[in-house]
file start.csv (CSV, C-alpha atoms)
chain,number,residue,atom,x,y,z
E,1,MET,CA,72.2,106.9,-10.9
E,2,LYS,CA,71.3,104.9,-7.8
E,3,LYS,CA,69.9,101.5,-8.4
E,4,TYR,CA,69.0,100.5,-4.8
E,5,GLU,CA,68.3,102.0,-1.4
E,6,PHE,CA,68.3,100.7,2.1
E,7,THR,CA,65.0,99.5,3.6
E,8,ASP,CA,64.1,99.7,7.3
E,9,GLU,CA,64.9,96.0,7.7
E,10,THR,CA,68.3,95.2,9.3
E,11,LYS,CA,70.0,92.3,10.9
E,12,GLU,CA,73.0,92.0,13.2
E,13,VAL,CA,75.6,89.5,12.3
E,14,ASP,CA,78.7,89.1,14.5
E,15,GLY,CA,78.1,92.6,15.9
E,16,VAL,CA,77.8,94.2,12.4
E,17,VAL,CA,74.5,95.8,11.3
E,18,LEU,CA,73.5,94.9,7.8
E,19,HIS,CA,70.7,96.6,5.8
E,20,ARG,CA,68.3,94.9,3.4
E,21,ILE,CA,68.3,96.7,0.0
E,22,LYS,CA,65.6,97.3,-2.5
E,23,ALA,CA,65.9,98.1,-6.2
E,24,VAL,CA,64.8,101.6,-7.1
E,25,ARG,CA,65.0,101.1,-10.9
E,26,ASP,CA,65.1,98.3,-13.4
E,27,PHE,CA,68.5,96.9,-14.4
E,28,GLY,CA,69.5,93.5,-15.8
E,29,SER,CA,66.9,91.0,-14.6
E,30,VAL,CA,66.1,93.0,-11.5
E,31,LYS,CA,62.9,95.0,-11.4
E,32,ALA,CA,62.3,98.2,-9.4
E,33,GLY,CA,60.8,97.4,-6.0
E,34,SER,CA,62.5,94.0,-5.8
E,35,LEU,CA,64.0,93.3,-2.4
E,36,GLY,CA,67.6,92.3,-2.3
E,37,GLY,CA,70.0,90.8,0.3
E,38,PHE,CA,71.9,92.5,3.0
E,39,ILE,CA,74.8,94.9,2.8
E,40,LYS,CA,76.7,97.0,5.4
E,41,LYS,CA,77.3,100.1,3.4
E,42,ASN,CA,76.9,101.5,-0.1
E,43,SER,CA,80.5,100.7,-1.1
E,44,ASN,CA,79.7,97.0,-0.7
E,45,LEU,CA,77.5,97.0,-3.9
E,46,SER,CA,78.2,99.2,-7.0
E,47,HIS,CA,75.3,101.3,-8.4
E,48,ASP,CA,76.8,100.7,-11.9
E,49,GLY,CA,76.4,97.5,-14.0
E,50,ASP,CA,74.0,94.7,-13.2
E,51,ALA,CA,75.7,93.5,-9.9
E,52,TRP,CA,73.2,92.5,-7.2
E,53,VAL,CA,72.9,91.0,-3.8
E,54,SER,CA,69.8,88.9,-3.4
E,55,GLY,CA,68.0,86.4,-1.1
E,56,ASN,CA,69.6,86.2,2.3
E,57,ALA,CA,73.1,86.9,1.0
E,58,GLN,CA,75.3,89.2,3.0
E,59,VAL,CA,78.1,91.5,2.0
E,60,SER,CA,80.1,93.4,4.6
E,61,ASP,CA,83.5,94.8,5.7
E,62,ASN,CA,85.5,96.1,2.7
E,63,ALA,CA,84.0,93.6,0.2
E,64,GLN,CA,82.9,95.0,-3.1
E,65,VAL,CA,80.4,93.5,-5.5
E,66,SER,CA,80.4,95.1,-9.0
E,67,GLY,CA,80.2,94.5,-12.7
E,68,ASN,CA,77.7,91.8,-13.5
E,69,ALA,CA,78.3,89.7,-10.4
E,70,TRP,CA,75.5,88.3,-8.3
E,71,VAL,CA,75.8,87.3,-4.7
E,72,SER,CA,72.7,85.2,-3.8
E,73,GLY,CA,71.2,82.5,-1.7
E,74,ASP,CA,72.9,82.2,1.7
E,75,ALA,CA,76.3,83.5,0.5
E,76,ARG,CA,78.3,85.6,2.9
E,77,VAL,CA,81.0,87.8,1.4
E,78,SER,CA,83.3,89.9,3.6
E,79,GLY,CA,86.9,91.0,4.3
E,80,ASP,CA,88.6,92.2,1.1
E,81,ALA,CA,86.4,90.3,-1.4
E,82,GLN,CA,86.4,91.7,-4.9
E,83,VAL,CA,83.5,90.1,-6.7
E,84,GLU,CA,83.2,91.5,-10.3
E,85,LYS,CA,81.8,88.6,-12.3
E,86,ILE,CA,79.6,85.7,-11.5
E,87,ASN,CA,82.5,83.2,-11.5
E,88,ASP,CA,84.3,85.1,-8.7
E,89,ILE,CA,82.1,83.5,-6.1
E,90,LEU,CA,80.9,80.0,-5.2
E,91,THR,CA,78.6,79.0,-2.4
E,92,VAL,CA,78.2,75.3,-1.6
E,93,GLY,CA,75.8,73.7,0.8
E,94,PRO,CA,74.5,72.5,3.0
E,95,VAL,CA,77.8,70.6,3.7
E,96,GLY,CA,79.9,69.6,6.6
E,97,SER,CA,79.2,68.5,10.1
E,98,ARG,CA,76.9,71.5,10.7
E,99,ASN,CA,75.1,71.2,7.3
E,100,ASP,CA,75.8,74.8,6.6
E,101,PHE,CA,76.8,76.9,3.6
E,102,THR,CA,80.4,77.6,2.6
E,103,THR,CA,81.3,80.6,0.5
E,104,PHE,CA,84.5,80.8,-1.6
E,105,TYR,CA,85.2,84.2,-3.2
E,106,LYS,CA,87.9,86.1,-5.1
E,107,ASN,CA,89.7,88.6,-2.8
E,108,LYS,CA,91.4,91.8,-3.8
E,109,ASP,CA,94.8,90.0,-4.0
E,110,GLY,CA,93.4,87.7,-6.7
E,111,GLY,CA,93.4,84.7,-4.3
E,112,ILE,CA,90.4,82.9,-2.8
E,113,SER,CA,89.0,83.6,0.6
E,114,VAL,CA,86.5,81.3,2.5
E,115,ILE,CA,83.7,81.8,4.9
E,116,CYS,CA,82.5,78.6,6.6
E,117,GLY,CA,80.8,78.9,9.9
E,118,CYS,CA,83.0,81.1,12.1
E,119,PHE,CA,86.0,80.4,9.8
E,120,CYS,CA,87.1,83.3,7.6
E,121,ASN,CA,90.5,83.1,6.0
E,122,ASN,CA,92.2,82.1,2.7
E,123,ILE,CA,91.7,78.8,0.9
E,124,ASP,CA,95.0,77.4,2.0
E,125,LYS,CA,94.3,78.0,5.7
E,126,PHE,CA,90.8,76.4,5.1
E,127,PHE,CA,92.4,73.3,3.6
E,128,GLU,CA,94.8,73.1,6.6
E,129,ARG,CA,91.8,73.4,9.0
E,130,VAL,CA,89.8,70.8,7.1
E,131,GLN,CA,92.8,68.4,7.1
E,132,GLU,CA,93.4,69.0,10.8
E,133,LYS,CA,89.7,68.6,11.9
E,134,TYR,CA,88.4,65.9,9.5
E,135,GLY,CA,91.4,64.3,7.6
E,136,ASP,CA,90.1,61.8,5.2
E,137,LEU,CA,86.7,61.3,6.9
E,138,LYS,CA,83.5,62.0,5.0
E,139,HIS,CA,83.4,65.7,5.8
E,140,GLY,CA,87.0,66.2,5.0
E,141,LYS,CA,86.6,64.5,1.6
E,142,ILE,CA,83.6,66.7,0.8
E,143,TYR,CA,85.3,69.9,1.8
E,144,LYS,CA,88.4,69.0,-0.2
E,145,LYS,CA,86.2,68.5,-3.3
E,146,CYS,CA,84.6,71.9,-2.7
E,147,ILE,CA,88.1,73.4,-2.5
E,148,GLU,CA,89.0,71.8,-5.9
E,149,ILE,CA,85.8,73.1,-7.5
E,150,ALA,CA,86.3,76.6,-6.0
E,151,LYS,CA,89.8,76.7,-7.5
E,152,MET,CA,88.5,75.6,-10.9
E,153,GLN,CA,85.6,78.1,-10.8
E,154,ILE,CA,87.3,81.2,-9.5
E,155,ILE,CA,90.9,81.2,-10.6
E,156,ALA,CA,91.4,78.6,-13.3
E,157,ASP,CA,91.9,79.8,-16.9
E,158,GLU,CA,89.2,78.9,-19.4

call {"tool": "encode", "arguments": {"input": "start.csv", "output": "structure tokens"}}
result
Amino acid sequence: MKKYEFTDETKEVDGVVLHRIKAVRDFGSVKAGSLGGFIKKNSNLSHDGDAWVSGNAQVSDNAQVSGNAWVSGDARVSGDAQVEKINDILTVGPVGSRNDFTTFYKNKDGGISVICGCFCNNIDKFFERVQEKYGDLKHGKIYKKCIEIAKMQIIADE
């Protein structure tokens, strides 16, 4: 049974059209009629479980949000993300020289991918980019702490 539908509201991000969603039935803490975030296509958000995309959050490409996971705030999830539970994603911000949000998420290979501004790659490449651009300056130290937290949140055993 469908739990959401596309509204007429869209936004274009990097040449990709995203559609705002609206709940068509109650599930979890979401009430029918509640507006959600933006997704590219139905396969980005499962109609099963309590998974939801809310606020200004965006899910695109082959990313899949399912189970009881919530993607919210200003999070951006794309590529081959596989967000199944709430701990599979972490959005931090505003941080960095642009005071923007950085999203870390579990990908289909079980690793961590990162979206930060126009950067979209794995966490190791992100660390290399941070080291190259900021080194041990303030923004570098902050991003490195975010990387540590993301690893603890997303892939560390309980």

call {"tool": "closest_residue", "arguments": {"input": "start.csv", "among": "E:Val83, E:Ile142, E:Ala69, E:Ile155", "to": "Gly28 of chain E", "atoms": "only C-alpha atoms"}}
result
E:Ala69

call {"tool": "atom_distance", "arguments": {"input": "start.csv", "atom1": "atom CA of Cys120 of chain E", "atom2": "atom CA of Ser54 of chain E"}}
result
21.3 Å

call {"tool": "atom_distance", "arguments": {"input": "start.csv", "atom1": "atom CA of His139 of chain E", "atom2": "atom CA of Ser97 of chain E"}}
result
6.6 Å

call {"tool": "residues_around", "arguments": {"input": "start.csv", "residues": "Gly36 of chain E", "least_positions_apart": "4", "cutoff": "9 Å", "atoms": "all atoms listed in the file", "output": "mmCIF file with C-alpha atoms, keeping the file's coordinate frame"}}
result
data_model
loop_
_atom_site.group_PDB
_atom_site.id
_atom_site.type_symbol
_atom_site.label_atom_id
_atom_site.label_comp_id
_atom_site.auth_asym_id
_atom_site.auth_seq_id
_atom_site.Cartn_x
_atom_site.Cartn_y
_atom_site.Cartn_z
ATOM 1 C CA TYR E 4 69.000 100.500 -4.800
ATOM 2 C CA ARG E 20 68.300 94.900 3.400
ATOM 3 C CA ILE E 21 68.300 96.700 0.000
ATOM 4 C CA LYS E 22 65.600 97.300 -2.500
ATOM 5 C CA ALA E 23 65.900 98.100 -6.200
ATOM 6 C CA TRP E 52 73.200 92.500 -7.200
ATOM 7 C CA VAL E 53 72.900 91.000 -3.800
ATOM 8 C CA SER E 54 69.800 88.900 -3.400
ATOM 9 C CA GLY E 55 68.000 86.400 -1.100
ATOM 10 C CA ASN E 56 69.600 86.200 2.300
ATOM 11 C CA ALA E 57 73.100 86.900 1.000
ATOM 12 C CA SER E 72 72.700 85.200 -3.800
#

call {"tool": "closest_residue", "arguments": {"input": "start.csv", "among": "E:Tyr105, E:Asp48, E:Ser29, E:Ile86", "to": "Ala63 of chain E", "atoms": "all atoms listed in the file"}}
result
E:Tyr105

call {"tool": "residues_near_point", "arguments": {"input": "start.csv", "point": "(82.1, 92.0, -8.3)", "cutoff": "12 Å", "atoms": "only C-alpha atoms", "output": "MDAnalysis selection string"}}
result
chainID E and resid 43:53 59 63:71 77 80:89 105:108

call {"tool": "closest_residue", "arguments": {"input": "start.csv", "among": "E:Gly96, E:Gly73, E:Gly117, E:Gly110", "to": "Cys146 of chain E", "atoms": "all atoms listed in the file"}}
result
E:Gly96

call {"tool": "residues_around", "arguments": {"input": "start.csv", "residues": "segment 9-16 of chain E", "least_positions_apart": "3", "cutoff": "9 Å", "atoms": "all atoms listed in the file", "output": "PyMOL selection string"}}
result
chain E and resi 6+19-21+38+40+60-61

call {"tool": "atom_distance", "arguments": {"input": "start.csv", "atom1": "atom CA of Ser78 of chain E", "atom2": "atom CA of Phe119 of chain E"}}
result
11.7 Å

call {"tool": "closest_residue", "arguments": {"input": "start.csv", "among": "E:Asp136, E:Asp74, E:Glu148, E:Glu128", "to": "Thr102 of chain E", "atoms": "all atoms listed in the file"}}
result
E:Asp74

call {"tool": "closest_residue", "arguments": {"input": "start.csv", "among": "E:Tyr143, E:Ile39, E:Phe104, E:Ile112", "to": "Val17 of chain E", "atoms": "all atoms listed in the file"}}
result
E:Ile39

call {"tool": "build_atoms", "arguments": {"input": "start.csv", "residues": "segment 88-112 of chain E", "atoms": "N, CA and C atoms", "output": "PDB file, in the coordinates of the input"}}
result
ATOM      1  N   ASP E  88      83.412  84.750  -9.781  1.00  0.00           N
ATOM      2  CA  ASP E  88      84.300  85.100  -8.700  1.00  0.00           C
ATOM      3  C   ASP E  88      83.789  84.657  -7.327  1.00  0.00           C
ATOM      4  N   ILE E  89      82.675  83.932  -7.311  1.00  0.00           N
ATOM      5  CA  ILE E  89      82.100  83.500  -6.100  1.00  0.00           C
ATOM      6  C   ILE E  89      81.463  82.097  -6.256  1.00  0.00           C
ATOM      7  N   LEU E  90      81.554  81.284  -5.220  1.00  0.00           N
ATOM      8  CA  LEU E  90      80.900  80.000  -5.200  1.00  0.00           C
ATOM      9  C   LEU E  90      80.418  79.669  -3.836  1.00  0.00           C
ATOM     10  N   THR E  91      79.138  79.367  -3.726  1.00  0.00           N
ATOM     11  CA  THR E  91      78.600  79.000  -2.400  1.00  0.00           C
ATOM     12  C   THR E  91      78.116  77.532  -2.564  1.00  0.00           C
ATOM     13  N   VAL E  92      78.527  76.718  -1.603  1.00  0.00           N
ATOM     14  CA  VAL E  92      78.200  75.300  -1.600  1.00  0.00           C
ATOM     15  C   VAL E  92      77.501  74.935  -0.319  1.00  0.00           C
ATOM     16  N   GLY E  93      76.475  74.140  -0.433  1.00  0.00           N
ATOM     17  CA  GLY E  93      75.800  73.700   0.800  1.00  0.00           C
ATOM     18  C   GLY E  93      74.423  73.229   0.590  1.00  0.00           C
ATOM     19  N   PRO E  94      73.913  72.669   1.646  1.00  0.00           N
ATOM     20  CA  PRO E  94      74.500  72.500   3.000  1.00  0.00           C
ATOM     21  C   PRO E  94      75.578  71.361   2.926  1.00  0.00           C
ATOM     22  N   VAL E  95      76.726  71.612   3.565  1.00  0.00           N
ATOM     23  CA  VAL E  95      77.800  70.600   3.700  1.00  0.00           C
ATOM     24  C   VAL E  95      78.403  70.659   5.066  1.00  0.00           C
ATOM     25  N   GLY E  96      79.207  69.648   5.361  1.00  0.00           N
ATOM     26  CA  GLY E  96      79.900  69.600   6.600  1.00  0.00           C
ATOM     27  C   GLY E  96      79.141  69.091   7.786  1.00  0.00           C
ATOM     28  N   SER E  97      79.781  69.064   8.919  1.00  0.00           N
ATOM     29  CA  SER E  97      79.200  68.500  10.100  1.00  0.00           C
ATOM     30  C   SER E  97      77.999  69.349  10.624  1.00  0.00           C
ATOM     31  N   ARG E  98      77.954  70.624  10.242  1.00  0.00           N
ATOM     32  CA  ARG E  98      76.900  71.500  10.700  1.00  0.00           C
ATOM     33  C   ARG E  98      75.798  71.670   9.598  1.00  0.00           C
ATOM     34  N   ASN E  99      75.992  71.027   8.436  1.00  0.00           N
ATOM     35  CA  ASN E  99      75.100  71.200   7.300  1.00  0.00           C
ATOM     36  C   ASN E  99      74.789  72.663   7.031  1.00  0.00           C
ATOM     37  N   ASP E 100      75.887  73.413   6.848  1.00  0.00           N
ATOM     38  CA  ASP E 100      75.800  74.800   6.600  1.00  0.00           C
ATOM     39  C   ASP E 100      76.352  75.157   5.224  1.00  0.00           C
ATOM     40  N   PHE E 101      76.312  76.421   4.848  1.00  0.00           N
ATOM     41  CA  PHE E 101      76.800  76.900   3.600  1.00  0.00           C
ATOM     42  C   PHE E 101      78.233  77.379   3.693  1.00  0.00           C
ATOM     43  N   THR E 102      79.055  77.084   2.699  1.00  0.00           N
ATOM     44  CA  THR E 102      80.400  77.600   2.600  1.00  0.00           C
ATOM     45  C   THR E 102      80.553  78.435   1.400  1.00  0.00           C
ATOM     46  N   THR E 103      81.127  79.629   1.566  1.00  0.00           N
ATOM     47  CA  THR E 103      81.300  80.600   0.500  1.00  0.00           C
ATOM     48  C   THR E 103      82.764  80.773   0.166  1.00  0.00           C
ATOM     49  N   PHE E 104      83.127  80.577  -1.095  1.00  0.00           N
ATOM     50  CA  PHE E 104      84.500  80.800  -1.600  1.00  0.00           C
ATOM     51  C   PHE E 104      84.358  82.064  -2.506  1.00  0.00           C
ATOM     52  N   TYR E 105      85.296  83.015  -2.385  1.00  0.00           N
ATOM     53  CA  TYR E 105      85.200  84.200  -3.200  1.00  0.00           C
ATOM     54  C   TYR E 105      86.596  84.761  -3.514  1.00  0.00           C
ATOM     55  N   LYS E 106      86.678  85.449  -4.665  1.00  0.00           N
ATOM     56  CA  LYS E 106      87.900  86.100  -5.100  1.00  0.00           C
ATOM     57  C   LYS E 106      88.172  87.298  -4.162  1.00  0.00           C
ATOM     58  N   ASN E 107      89.397  87.403  -3.663  1.00  0.00           N
ATOM     59  CA  ASN E 107      89.700  88.600  -2.800  1.00  0.00           C
ATOM     60  C   ASN E 107      90.509  89.585  -3.646  1.00  0.00           C
ATOM     61  N   LYS E 108      90.790  90.728  -3.061  1.00  0.00           N
ATOM     62  CA  LYS E 108      91.400  91.800  -3.800  1.00  0.00           C
ATOM     63  C   LYS E 108      92.857  91.493  -4.223  1.00  0.00           C
ATOM     64  N   ASP E 109      93.465  90.453  -3.619  1.00  0.00           N
ATOM     65  CA  ASP E 109      94.800  90.000  -4.000  1.00  0.00           C
ATOM     66  C   ASP E 109      94.771  89.024  -5.158  1.00  0.00           C
ATOM     67  N   GLY E 110      93.568  88.672  -5.630  1.00  0.00           N
ATOM     68  CA  GLY E 110      93.400  87.700  -6.700  1.00  0.00           C
ATOM     69  C   GLY E 110      93.387  86.264  -6.198  1.00  0.00           C
ATOM     70  N   GLY E 111      93.494  86.065  -4.889  1.00  0.00           N
ATOM     71  CA  GLY E 111      93.400  84.700  -4.300  1.00  0.00           C
ATOM     72  C   GLY E 111      91.955  84.407  -3.942  1.00  0.00           C
ATOM     73  N   ILE E 112      91.777  83.323  -3.202  1.00  0.00           N
ATOM     74  CA  ILE E 112      90.400  82.900  -2.800  1.00  0.00           C
ATOM     75  C   ILE E 112      90.337  82.928  -1.283  1.00  0.00           C
TER      76      ILE E 112
END
